[in-house]
>>> print(open('protein.pdb').read())   # PDB, C-alpha atoms and all ligand atoms
ATOM      1  CA  MET A   1     -17.611  -8.151 163.158
ATOM      2  CA  GLU A   2     -16.505  -5.762 160.486
ATOM      3  CA  TRP A   3     -16.197  -7.333 157.039
ATOM      4  CA  LYS A   4     -14.096  -4.678 155.362
ATOM      5  CA  THR A   5     -11.947  -5.859 152.426
ATOM      6  CA  PRO A   6     -10.394  -4.134 149.400
ATOM      7  CA  VAL A   7     -13.505  -5.201 147.457
ATOM      8  CA  THR A   8     -16.048  -3.807 149.932
ATOM      9  CA  GLU A   9     -14.050  -0.571 149.818
ATOM     10  CA  MET A  10     -14.034  -0.598 146.005
ATOM     11  CA  LEU A  11     -17.764  -1.292 145.753
ATOM     12  CA  GLY A  12     -19.021   0.575 148.813
ATOM     13  CA  CYS A  13     -20.895  -2.356 150.348
ATOM     14  CA  LYS A  14     -20.990  -3.709 153.900
ATOM     15  CA  TYR A  15     -20.286  -7.376 153.250
ATOM     16  CA  PRO A  16     -17.956  -8.961 150.691
ATOM     17  CA  ILE A  17     -20.863 -10.742 149.017
ATOM     18  CA  ILE A  18     -21.634  -9.962 145.378
ATOM     19  CA  GLU A  19     -24.596 -11.141 143.342
ATOM     20  CA  GLY A  20     -23.482 -13.122 140.298
ATOM     21  CA  ALA A  21     -24.849 -12.391 136.854
ATOM     22  CA  LEU A  22     -28.117 -14.263 136.291
ATOM     23  CA  HIS A  23     -29.118 -14.464 132.679
ATOM     24  CA  MET A  24     -32.602 -15.477 133.758
ATOM     25  CA  GLY A  25     -33.763 -13.378 136.674
ATOM     26  CA  GLY A  26     -30.863 -10.977 137.238
ATOM     27  CA  THR A  27     -32.976  -7.829 137.402
ATOM     28  CA  SER A  28     -33.547  -5.087 139.987
ATOM     29  CA  LYS A  29     -35.885  -7.505 141.783
ATOM     30  CA  VAL A  30     -32.850  -9.376 143.106
ATOM     31  CA  ALA A  31     -30.115  -6.739 142.784
ATOM     32  CA  ALA A  32     -31.769  -4.069 144.934
ATOM     33  CA  PRO A  33     -32.555  -6.426 147.863
ATOM     34  CA  VAL A  34     -28.970  -7.758 147.705
ATOM     35  CA  SER A  35     -27.586  -4.225 148.063
ATOM     36  CA  GLU A  36     -30.174  -3.369 150.729
ATOM     37  CA  ALA A  37     -29.100  -6.418 152.760
ATOM     38  CA  GLY A  38     -25.460  -5.287 152.728
ATOM     39  CA  GLY A  39     -24.197  -7.201 149.693
ATOM     40  CA  PHE A  40     -23.525  -5.828 146.232
ATOM     41  CA  GLY A  41     -26.370  -6.320 143.761
ATOM     42  CA  ILE A  42     -25.744  -6.696 140.042
ATOM     43  CA  ILE A  43     -28.257  -6.168 137.258
ATOM     44  CA  THR A  44     -27.495  -8.492 134.349
ATOM     45  CA  ALA A  45     -27.773  -6.498 131.130
ATOM     46  CA  GLY A  46     -28.482  -9.658 129.122
ATOM     47  CA  ALA A  47     -31.528 -10.396 131.290
ATOM     48  CA  LEU A  48     -33.126  -7.107 130.190
ATOM     49  CA  LYS A  49     -32.178  -7.614 126.550
ATOM     50  CA  LYS A  50     -32.866  -4.067 125.224
ATOM     51  CA  PRO A  51     -31.202  -0.774 126.254
ATOM     52  CA  ASP A  52     -34.509   0.957 127.127
ATOM     53  CA  LYS A  53     -35.646  -1.982 129.294
ATOM     54  CA  PHE A  54     -32.225  -1.996 130.934
ATOM     55  CA  ARG A  55     -32.473   1.748 131.646
ATOM     56  CA  ASP A  56     -35.935   1.285 133.194
ATOM     57  CA  ASP A  57     -34.678  -1.499 135.389
ATOM     58  CA  ILE A  58     -31.682   0.494 136.602
ATOM     59  CA  ARG A  59     -34.130   3.271 137.531
ATOM     60  CA  ARG A  60     -36.357   0.772 139.341
ATOM     61  CA  ALA A  61     -33.355  -0.415 141.366
ATOM     62  CA  LYS A  62     -32.508   3.195 142.266
ATOM     63  CA  ASP A  63     -36.051   3.609 143.587
ATOM     64  CA  MET A  64     -35.670   0.449 145.656
ATOM     65  CA  THR A  65     -32.303   1.175 147.274
ATOM     66  CA  ASP A  66     -29.935   4.047 148.030
ATOM     67  CA  LYS A  67     -27.059   1.602 148.247
ATOM     68  CA  PRO A  68     -24.659   1.091 145.361
ATOM     69  CA  PHE A  69     -25.209  -1.661 142.820
ATOM     70  CA  GLY A  70     -23.541  -2.594 139.552
ATOM     71  CA  ILE A  71     -24.191  -4.248 136.235
ATOM     72  CA  ASN A  72     -22.933  -7.327 134.418
ATOM     73  CA  ILE A  73     -22.289  -7.577 130.719
ATOM     74  CA  SER A  74     -21.700 -11.161 129.662
ATOM     75  CA  ILE A  75     -19.975 -11.115 126.293
ATOM     76  CA  GLY A  76     -21.849 -13.216 123.788
ATOM     77  CA  PHE A  77     -24.994 -13.301 125.923
ATOM     78  CA  CYS A  78     -25.669  -9.578 125.931
ATOM     79  CA  LYS A  79     -26.532  -8.031 122.609
ATOM     80  CA  GLU A  80     -25.242  -4.489 122.084
ATOM     81  CA  PRO A  81     -22.757  -4.551 124.987
ATOM     82  CA  GLU A  82     -21.370  -1.049 124.305
ATOM     83  CA  LYS A  83     -24.856   0.447 124.143
ATOM     84  CA  MET A  84     -25.846  -1.275 127.377
ATOM     85  CA  LEU A  85     -22.742   0.066 129.071
ATOM     86  CA  GLU A  86     -23.463   3.589 127.821
ATOM     87  CA  VAL A  87     -26.956   3.350 129.298
ATOM     88  CA  ALA A  88     -25.530   2.330 132.676
ATOM     89  CA  LEU A  89     -22.869   5.037 132.658
ATOM     90  CA  ASN A  90     -25.483   7.661 131.755
ATOM     91  CA  GLU A  91     -27.502   6.455 134.738
ATOM     92  CA  GLY A  92     -24.471   6.994 136.970
ATOM     93  CA  ILE A  93     -23.673   3.306 137.443
ATOM     94  CA  LYS A  94     -19.925   2.985 137.735
ATOM     95  CA  HIS A  95     -19.390  -0.655 138.658
ATOM     96  CA  LEU A  96     -19.122  -3.075 135.773
ATOM     97  CA  GLU A  97     -18.632  -6.802 135.895
ATOM     98  CA  THR A  98     -17.878  -8.467 132.576
ATOM     99  CA  SER A  99     -17.687 -12.169 131.900
ATOM    100  CA  VAL A 100     -17.544 -15.099 129.498
ATOM    101  CA  TYR A 101     -15.143 -13.571 126.965
ATOM    102  CA  ILE A 102     -12.580 -10.834 126.443
ATOM    103  CA  ALA A 103     -14.012  -7.444 127.496
ATOM    104  CA  ASP A 104     -11.151  -5.000 127.884
ATOM    105  CA  ASN A 105     -12.864  -2.484 125.555
ATOM    106  CA  LEU A 106     -15.752  -2.231 128.027
ATOM    107  CA  GLY A 107     -13.353  -2.197 130.957
ATOM    108  CA  LYS A 108     -11.553   0.750 129.385
ATOM    109  CA  MET A 109     -14.832   2.646 128.894
ATOM    110  CA  VAL A 110     -15.738   2.216 132.556
ATOM    111  CA  LYS A 111     -12.332   3.153 133.842
ATOM    112  CA  GLU A 112     -12.262   6.275 131.672
ATOM    113  CA  ALA A 113     -15.565   7.223 133.297
ATOM    114  CA  GLY A 114     -13.914   6.842 136.725
ATOM    115  CA  GLY A 115     -15.553   3.517 137.473
ATOM    116  CA  VAL A 116     -14.510   0.045 138.546
ATOM    117  CA  TRP A 117     -14.061  -2.927 136.224
ATOM    118  CA  MET A 118     -14.269  -6.479 137.513
ATOM    119  CA  HIS A 119     -13.899  -9.401 135.157
ATOM    120  CA  LYS A 120     -15.048 -12.975 135.799
ATOM    121  CA  VAL A 121     -13.137 -15.944 134.425
ATOM    122  CA  ALA A 122     -12.936 -19.706 134.808
ATOM    123  CA  HIS A 123      -9.216 -20.193 134.268
ATOM    124  CA  LEU A 124      -6.121 -18.823 135.964
ATOM    125  CA  ASP A 125      -4.513 -17.831 132.637
ATOM    126  CA  HIS A 126      -7.564 -15.691 131.871
ATOM    127  CA  ALA A 127      -7.375 -14.135 135.325
ATOM    128  CA  ILE A 128      -3.772 -13.141 134.690
ATOM    129  CA  ALA A 129      -4.740 -11.738 131.272
ATOM    130  CA  ALA A 130      -7.600  -9.734 132.807
ATOM    131  CA  GLU A 131      -5.257  -8.186 135.342
ATOM    132  CA  ARG A 132      -2.828  -7.330 132.558
ATOM    133  CA  GLN A 133      -5.656  -5.679 130.626
ATOM    134  CA  GLY A 134      -6.465  -3.422 133.552
ATOM    135  CA  ALA A 135      -9.233  -5.158 135.533
ATOM    136  CA  ASP A 136      -9.514  -3.705 139.037
ATOM    137  CA  ALA A 137     -10.535  -7.075 140.464
ATOM    138  CA  VAL A 138     -10.855 -10.550 139.021
ATOM    139  CA  CYS A 139     -13.466 -13.134 139.916
ATOM    140  CA  ILE A 140     -12.461 -16.728 139.362
ATOM    141  CA  VAL A 141     -15.156 -19.405 139.185
ATOM    142  CA  GLY A 142     -14.311 -22.920 140.225
ATOM    143  CA  LEU A 143     -15.690 -26.138 138.840
ATOM    144  CA  GLU A 144     -18.316 -26.341 141.604
ATOM    145  CA  GLY A 145     -20.009 -23.277 140.134
ATOM    146  CA  VAL A 146     -22.481 -22.853 137.339
ATOM    147  CA  GLY A 147     -22.630 -20.707 134.255
ATOM    148  CA  GLU A 148     -19.041 -20.045 133.407
ATOM    149  CA  LYS A 149     -17.523 -23.339 132.324
ATOM    150  CA  GLY A 150     -13.928 -23.362 131.220
ATOM    151  CA  PHE A 151     -12.179 -25.964 129.155
ATOM    152  CA  ALA A 152      -9.567 -26.554 131.819
ATOM    153  CA  GLN A 153     -11.403 -25.442 134.894
ATOM    154  CA  VAL A 154     -10.300 -26.637 138.307
ATOM    155  CA  THR A 155     -11.954 -26.510 141.705
ATOM    156  CA  THR A 156     -12.723 -23.301 143.574
ATOM    157  CA  LEU A 157     -10.157 -24.251 146.229
ATOM    158  CA  THR A 158      -7.356 -24.542 143.697
ATOM    159  CA  SER A 159      -8.462 -21.663 141.425
ATOM    160  CA  VAL A 160      -8.734 -19.114 144.203
ATOM    161  CA  THR A 161      -5.589 -20.167 146.028
ATOM    162  CA  MET A 162      -3.560 -20.030 142.810
ATOM    163  CA  ALA A 163      -5.148 -16.749 141.715
ATOM    164  CA  LYS A 164      -4.272 -15.186 145.059
ATOM    165  CA  LYS A 165      -0.639 -16.089 144.510
ATOM    166  CA  ALA A 166      -0.583 -14.974 140.878
ATOM    167  CA  LEU A 167      -2.500 -11.681 141.010
ATOM    168  CA  LYS A 168      -1.904  -8.307 142.595
ATOM    169  CA  VAL A 169      -5.465  -7.078 142.163
ATOM    170  CA  PRO A 170      -8.180  -8.305 144.564
ATOM    171  CA  VAL A 171      -9.473 -11.808 143.908
ATOM    172  CA  ILE A 172     -13.158 -12.689 144.098
ATOM    173  CA  ALA A 173     -14.126 -16.335 144.563
ATOM    174  CA  ALA A 174     -17.127 -18.051 143.018
ATOM    175  CA  GLY A 175     -18.346 -21.589 142.644
ATOM    176  CA  GLY A 176     -20.124 -23.618 145.291
ATOM    177  CA  ILE A 177     -20.241 -20.808 147.849
ATOM    178  CA  GLY A 178     -23.504 -20.211 149.675
ATOM    179  CA  ASP A 179     -23.273 -20.649 153.422
ATOM    180  CA  GLY A 180     -21.129 -19.291 156.246
ATOM    181  CA  ARG A 181     -18.570 -22.047 156.099
ATOM    182  CA  SER A 182     -17.982 -21.886 152.327
ATOM    183  CA  PHE A 183     -17.894 -18.079 152.532
ATOM    184  CA  LEU A 184     -15.214 -18.143 155.236
ATOM    185  CA  SER A 185     -13.256 -20.807 153.336
ATOM    186  CA  ALA A 186     -13.122 -18.528 150.291
ATOM    187  CA  LEU A 187     -11.741 -15.677 152.383
ATOM    188  CA  VAL A 188      -9.126 -17.980 153.893
ATOM    189  CA  MET A 189      -8.074 -19.046 150.375
ATOM    190  CA  GLY A 190      -7.319 -15.394 149.791
ATOM    191  CA  ALA A 191     -10.513 -14.042 148.267
ATOM    192  CA  ASP A 192     -11.484 -10.461 149.077
ATOM    193  CA  ALA A 193     -15.131 -11.193 148.285
ATOM    194  CA  VAL A 194     -17.383 -13.928 146.963
ATOM    195  CA  VAL A 195     -19.824 -14.051 144.075
ATOM    196  CA  LEU A 196     -23.005 -16.055 144.586
ATOM    197  CA  GLY A 197     -25.181 -17.147 141.699
ATOM    198  CA  THR A 198     -27.180 -20.184 142.772
ATOM    199  CA  ALA A 199     -27.969 -18.882 146.264
ATOM    200  CA  PHE A 200     -29.631 -15.741 144.863
ATOM    201  CA  TYR A 201     -31.254 -17.521 141.929
ATOM    202  CA  ILE A 202     -33.382 -19.654 144.249
ATOM    203  CA  CYS A 203     -34.518 -16.663 146.327
ATOM    204  CA  GLN A 204     -38.143 -15.589 146.702
ATOM    205  CA  GLU A 205     -37.343 -12.291 144.990
ATOM    206  CA  CYS A 206     -36.022 -13.957 141.830
ATOM    207  CA  PRO A 207     -38.669 -13.606 139.125
ATOM    208  CA  THR A 208     -39.016 -17.298 138.284
ATOM    209  CA  SER A 209     -41.910 -19.502 139.363
ATOM    210  CA  GLU A 210     -42.258 -20.877 142.876
ATOM    211  CA  LYS A 211     -42.738 -24.365 141.440
ATOM    212  CA  TYR A 212     -39.457 -24.143 139.534
ATOM    213  CA  LYS A 213     -37.596 -22.925 142.608
ATOM    214  CA  GLN A 214     -39.098 -25.775 144.662
ATOM    215  CA  ARG A 215     -37.670 -28.163 142.076
ATOM    216  CA  LEU A 216     -34.261 -26.500 142.324
ATOM    217  CA  VAL A 217     -34.029 -26.646 146.107
ATOM    218  CA  ALA A 218     -35.010 -30.317 145.974
ATOM    219  CA  MET A 219     -31.959 -31.050 143.801
ATOM    220  CA  ASN A 220     -29.120 -32.945 145.401
ATOM    221  CA  PRO A 221     -25.611 -32.223 144.073
ATOM    222  CA  LEU A 222     -24.620 -35.738 145.114
ATOM    223  CA  ASP A 223     -27.071 -37.312 142.666
ATOM    224  CA  LYS A 224     -25.059 -38.570 139.727
ATOM    225  CA  GLU A 225     -26.974 -36.722 137.010
ATOM    226  CA  THR A 226     -26.912 -33.378 138.836
ATOM    227  CA  ARG A 227     -23.312 -33.803 139.847
ATOM    228  CA  ASP A 228     -22.170 -34.737 136.344
ATOM    229  CA  LEU A 229     -23.946 -31.771 134.809
ATOM    230  CA  ILE A 230     -22.485 -29.304 137.311
ATOM    231  CA  LEU A 231     -18.968 -30.665 136.960
ATOM    232  CA  LEU A 232     -19.118 -30.702 133.168
ATOM    233  CA  GLN A 233     -16.125 -28.995 131.601
ATOM    234  CA  GLY A 234     -16.235 -26.852 128.502
ATOM    235  CA  GLU A 235     -14.237 -27.778 125.459
ATOM    236  CA  ASP A 236     -12.743 -25.280 123.111
ATOM    237  CA  THR A 237      -9.643 -26.414 121.328
ATOM    238  CA  ARG A 238      -9.524 -23.201 119.290
ATOM    239  CA  ARG A 239      -9.106 -21.165 122.445
ATOM    240  CA  ASP A 240      -6.706 -23.753 123.810
ATOM    241  CA  GLU A 241      -4.432 -23.054 120.861
ATOM    242  CA  ARG A 242      -4.688 -19.316 121.396
ATOM    243  CA  LEU A 243      -3.756 -19.781 125.010
ATOM    244  CA  ARG A 244      -0.741 -21.815 124.047
ATOM    245  CA  GLU A 245       0.234 -19.057 121.629
ATOM    246  CA  GLY A 246       0.055 -16.664 124.541
ATOM    247  CA  THR A 247      -2.751 -14.556 123.087
ATOM    248  CA  ASP A 248      -4.649 -12.819 125.838
ATOM    249  CA  HIS A 249      -8.021 -14.413 126.080
ATOM    250  CA  VAL A 250     -10.176 -13.463 128.961
ATOM    251  CA  GLY A 251     -13.129 -15.696 129.456
ATOM    252  CA  ALA A 252     -14.227 -19.172 128.709
ATOM    253  CA  PRO A 253     -16.799 -20.936 126.609
ATOM    254  CA  THR A 254     -20.073 -21.713 128.256
ATOM    255  CA  VAL A 255     -21.372 -25.170 127.607
ATOM    256  CA  ARG A 256     -24.598 -27.034 128.411
ATOM    257  CA  MET A 257     -25.490 -25.512 131.690
ATOM    258  CA  ALA A 258     -26.769 -26.926 134.947
ATOM    259  CA  GLN A 259     -29.480 -24.717 136.442
ATOM    260  CA  VAL A 260     -27.739 -24.559 139.803
ATOM    261  CA  SER A 261     -24.332 -25.331 141.259
ATOM    262  CA  MET A 262     -23.011 -27.459 144.091
ATOM    263  CA  ALA A 263     -24.184 -24.615 146.367
ATOM    264  CA  ILE A 264     -27.728 -25.973 146.069
ATOM    265  CA  GLY A 265     -26.653 -28.534 148.653
ATOM    266  CA  TYR A 266     -26.805 -25.825 151.355
ATOM    267  CA  TYR A 267     -30.495 -25.051 150.781
ATOM    268  CA  ASP A 268     -33.638 -27.075 151.356
ATOM    269  CA  ARG A 269     -36.163 -24.247 151.161
ATOM    270  CA  ILE A 270     -36.641 -21.052 149.199
ATOM    271  CA  PRO A 271     -34.981 -18.218 151.144
ATOM    272  CA  THR A 272     -35.265 -14.454 150.807
ATOM    273  CA  VAL A 273     -32.191 -12.516 149.705
ATOM    274  CA  LYS A 274     -31.884 -11.215 153.268
ATOM    275  CA  ASP A 275     -32.073 -14.776 154.646
ATOM    276  CA  VAL A 276     -29.129 -15.714 152.407
ATOM    277  CA  ILE A 277     -26.934 -12.773 153.387
ATOM    278  CA  ASP A 278     -27.841 -12.712 157.085
ATOM    279  CA  GLY A 279     -27.494 -16.489 157.179
ATOM    280  CA  ILE A 280     -24.001 -16.448 155.690
ATOM    281  CA  ILE A 281     -22.744 -13.608 157.864
ATOM    282  CA  GLY A 282     -24.424 -14.934 161.014
ATOM    283  CA  GLU A 283     -23.007 -18.405 160.510
ATOM    284  CA  ALA A 284     -19.548 -17.091 159.626
ATOM    285  CA  GLU A 285     -19.440 -14.931 162.750
ATOM    286  CA  GLU A 286     -20.606 -17.828 164.896
ATOM    287  CA  ILE A 287     -17.897 -20.073 163.434
ATOM    288  CA  MET A 288     -15.268 -17.405 164.098
ATOM    289  CA  ARG A 289     -16.411 -17.077 167.722
ATOM    290  CA  ARG A 290     -16.760 -20.799 168.368
ATOM    291  CA  GLU A 291     -13.952 -22.320 166.338
ATOM    292  CA  PHE A 292     -11.416 -19.499 166.106
ATOM    293  CA  PRO A 293     -11.979 -17.512 169.324
ATOM    294  CA  PHE A 294      -8.372 -16.319 169.383
ATOM    295  CA  THR A 295      -8.923 -14.391 166.129
ATOM    296  CA  SER A 296     -12.192 -12.703 167.071
ATOM    297  CA  SER A 297     -11.401 -10.990 170.362
ATOM    298  CA  LYS A 298     -12.638  -7.668 168.938
ATOM    299  CA  THR A 299     -16.176  -8.922 168.187
TER
HETATM  300  C1  LIG B 301     -29.439 -19.222 136.521
HETATM  301  C2  LIG B 301     -28.054 -18.683 136.359
HETATM  302  C3  LIG B 301     -27.763 -17.849 135.304
HETATM  303  C4  LIG B 301     -26.467 -17.337 135.155
HETATM  304  N1  LIG B 301     -26.211 -16.482 134.132
HETATM  305  C5  LIG B 301     -24.966 -15.959 134.011
HETATM  306  C6  LIG B 301     -24.685 -15.011 132.975
HETATM  307  O1  LIG B 301     -25.538 -14.629 132.182
HETATM  308  N2  LIG B 301     -23.418 -14.526 132.901
HETATM  309  C7  LIG B 301     -22.428 -14.909 133.762
HETATM  310  O2  LIG B 301     -21.318 -14.435 133.644
HETATM  311  N3  LIG B 301     -22.681 -15.797 134.744
HETATM  312  C8  LIG B 301     -23.911 -16.314 134.889
HETATM  313  N4  LIG B 301     -24.164 -17.190 135.905
HETATM  314  C9  LIG B 301     -23.078 -17.550 136.827
HETATM  315  C10 LIG B 301     -23.120 -16.711 138.110
HETATM  316  O3  LIG B 301     -23.031 -15.353 137.827
HETATM  317  C11 LIG B 301     -21.973 -17.091 139.062
HETATM  318  O4  LIG B 301     -20.726 -16.874 138.472
HETATM  319  C12 LIG B 301     -22.064 -18.544 139.479
HETATM  320  O5  LIG B 301     -23.402 -18.904 139.706
HETATM  321  C13 LIG B 301     -21.250 -18.763 140.738
HETATM  322  O6  LIG B 301     -21.389 -20.060 141.173
HETATM  323  P1  LIG B 301     -22.506 -20.520 142.237
HETATM  324  O7  LIG B 301     -23.746 -20.751 141.464
HETATM  325  O8  LIG B 301     -21.956 -21.746 142.817
HETATM  326  O9  LIG B 301     -22.687 -19.415 143.257
HETATM  327  C14 LIG B 301     -25.455 -17.700 136.081
HETATM  328  C15 LIG B 301     -25.763 -18.521 137.162
HETATM  329  C16 LIG B 301     -27.049 -19.024 137.314
HETATM  330  C17 LIG B 301     -27.368 -19.890 138.505
END
>>> encode(input="protein.pdb", output="structure tokens")
Amino acid sequence: MEWKTPVTEMLGCKYPIIEGALHMGGTSKVAAPVSEAGGFGIITAGALKKPDKFRDDIRRAKDMTDKPFGINISIGFCKEPEKMLEVALNEGIKHLETSVYIADNLGKMVKEAGGVWMHKVAHLDHAIAAERQGADAVCIVGLEGVGEKGFAQVTTLTSVTMAKKALKVPVIAAGGIGDGRSFLSALVMGADAVVLGTAFYICQECPTSEKYKQRLVAMNPLDKETRDLILLQGEDTRRDERLREGTDHVGAPTVRMAQVSMAIGYYDRIPTVKDVIDGIIGEAEEIMRREFPFTSSKT
């Protein structure tokens, strides 16, 4: 099957699968294999900390793949965001994902350089604000996800479906996605691509220890403690007031963070990046053939 969407066109990748920012581990070691396997890899600037380290890592990724990849700048987590963006632009990287807080200044810099700006949010109001500020695509993370925790976050199902109705720009879904069925569900909700964090974080290529990853894949999202931590909502009354006042605020506070999301429930062993992407696409195509044969006559 061909998996062409407005987002694959925008990013130049084969499949509408994007690597989420990973504050711990989001380097070329994961980003390059994601792009090589047909997804869109993202190097997380905050994971490299310093501009020279970031530059080196972008160069490493270029040595590892000819396919396009992008960068993430998470506001508040990445020191010197403008400098990091300048480094990336000087290296010819034109795809920027921002997240956590308002980032239209960075979005403007990228767009002036002829690039693409995606912004990730955890609330529909922030998605609308991001579109208004010029984002080319908006990623909305549902409650099932990890990392970006909003103070009034709702499920991925509701967030994506509402965002699709509210936005003109392409919508990217995140939160609890990690196998063929959840991937297809996101597309049916109206997403033009998905962002995966947990699924790539537990991969062999991710530079964290094997022992740690074994512990992660053994986690069960149905266990009360794990479940409660994942579903935890952020609280930020200050921002709540600003929202009520109608001030554009793009982003959400991050609170005590679970290490993985509900998507951990799809994995019981440590995969490679290619296993994740091939697994999702293979399963999705099989589901389309078996369960929706009338829609896949061209495959
Ligand atoms: C270990 C880890 C670190 C993360 N760090 C960041 C980060 O620095 N900035 C950010 O915007 N999102 C971060 N995220 C969130 C992901 O980019 C992505 O939005 C989220 O994982 C999607 O939900 P999923 O885990 O269900 O796929 C992180 C996720 C994980 C698992």
>>> closest_residue(input="protein.pdb", among="A:Thr65, A:Gln233, A:Thr44, A:Thr8", to="His123 (chain A)", atoms="only C-alpha atoms")
A:Gln233
>>> residues_around(input="protein.pdb", residues="Lys274 (chain A)", least_positions_apart="2", cutoff="12 Å", atoms="all atoms listed in the file", output="MDAnalysis selection string")
chainID A and resid 17 30:39 199:200 203:205 270:272 276:282
>>> residues_near_ligand(input="protein.pdb", ligand="ligand LIG 301 (chain B)", cutoff="8 Å", atoms="all atoms listed in the file", output="PyMOL selection string")
chain A and resi 19-26+44+46-47+72-74+77+98-100+120+141-142+144-148+174-178+195-201+258-264
>>> atom_distance(input="protein.pdb", atom1="CA of Cys206 (chain A)", atom2="CA of Ile43 (chain A)")
11.9 Å
>>> resolve_selection(input="protein.pdb", expression="the PyMOL selection byres (((chain A and resi 9) around 12) and not hetatm)", output="PyMOL selection string")
chain A and resi 3-8+10-16+40+68+116+137+170+192-193
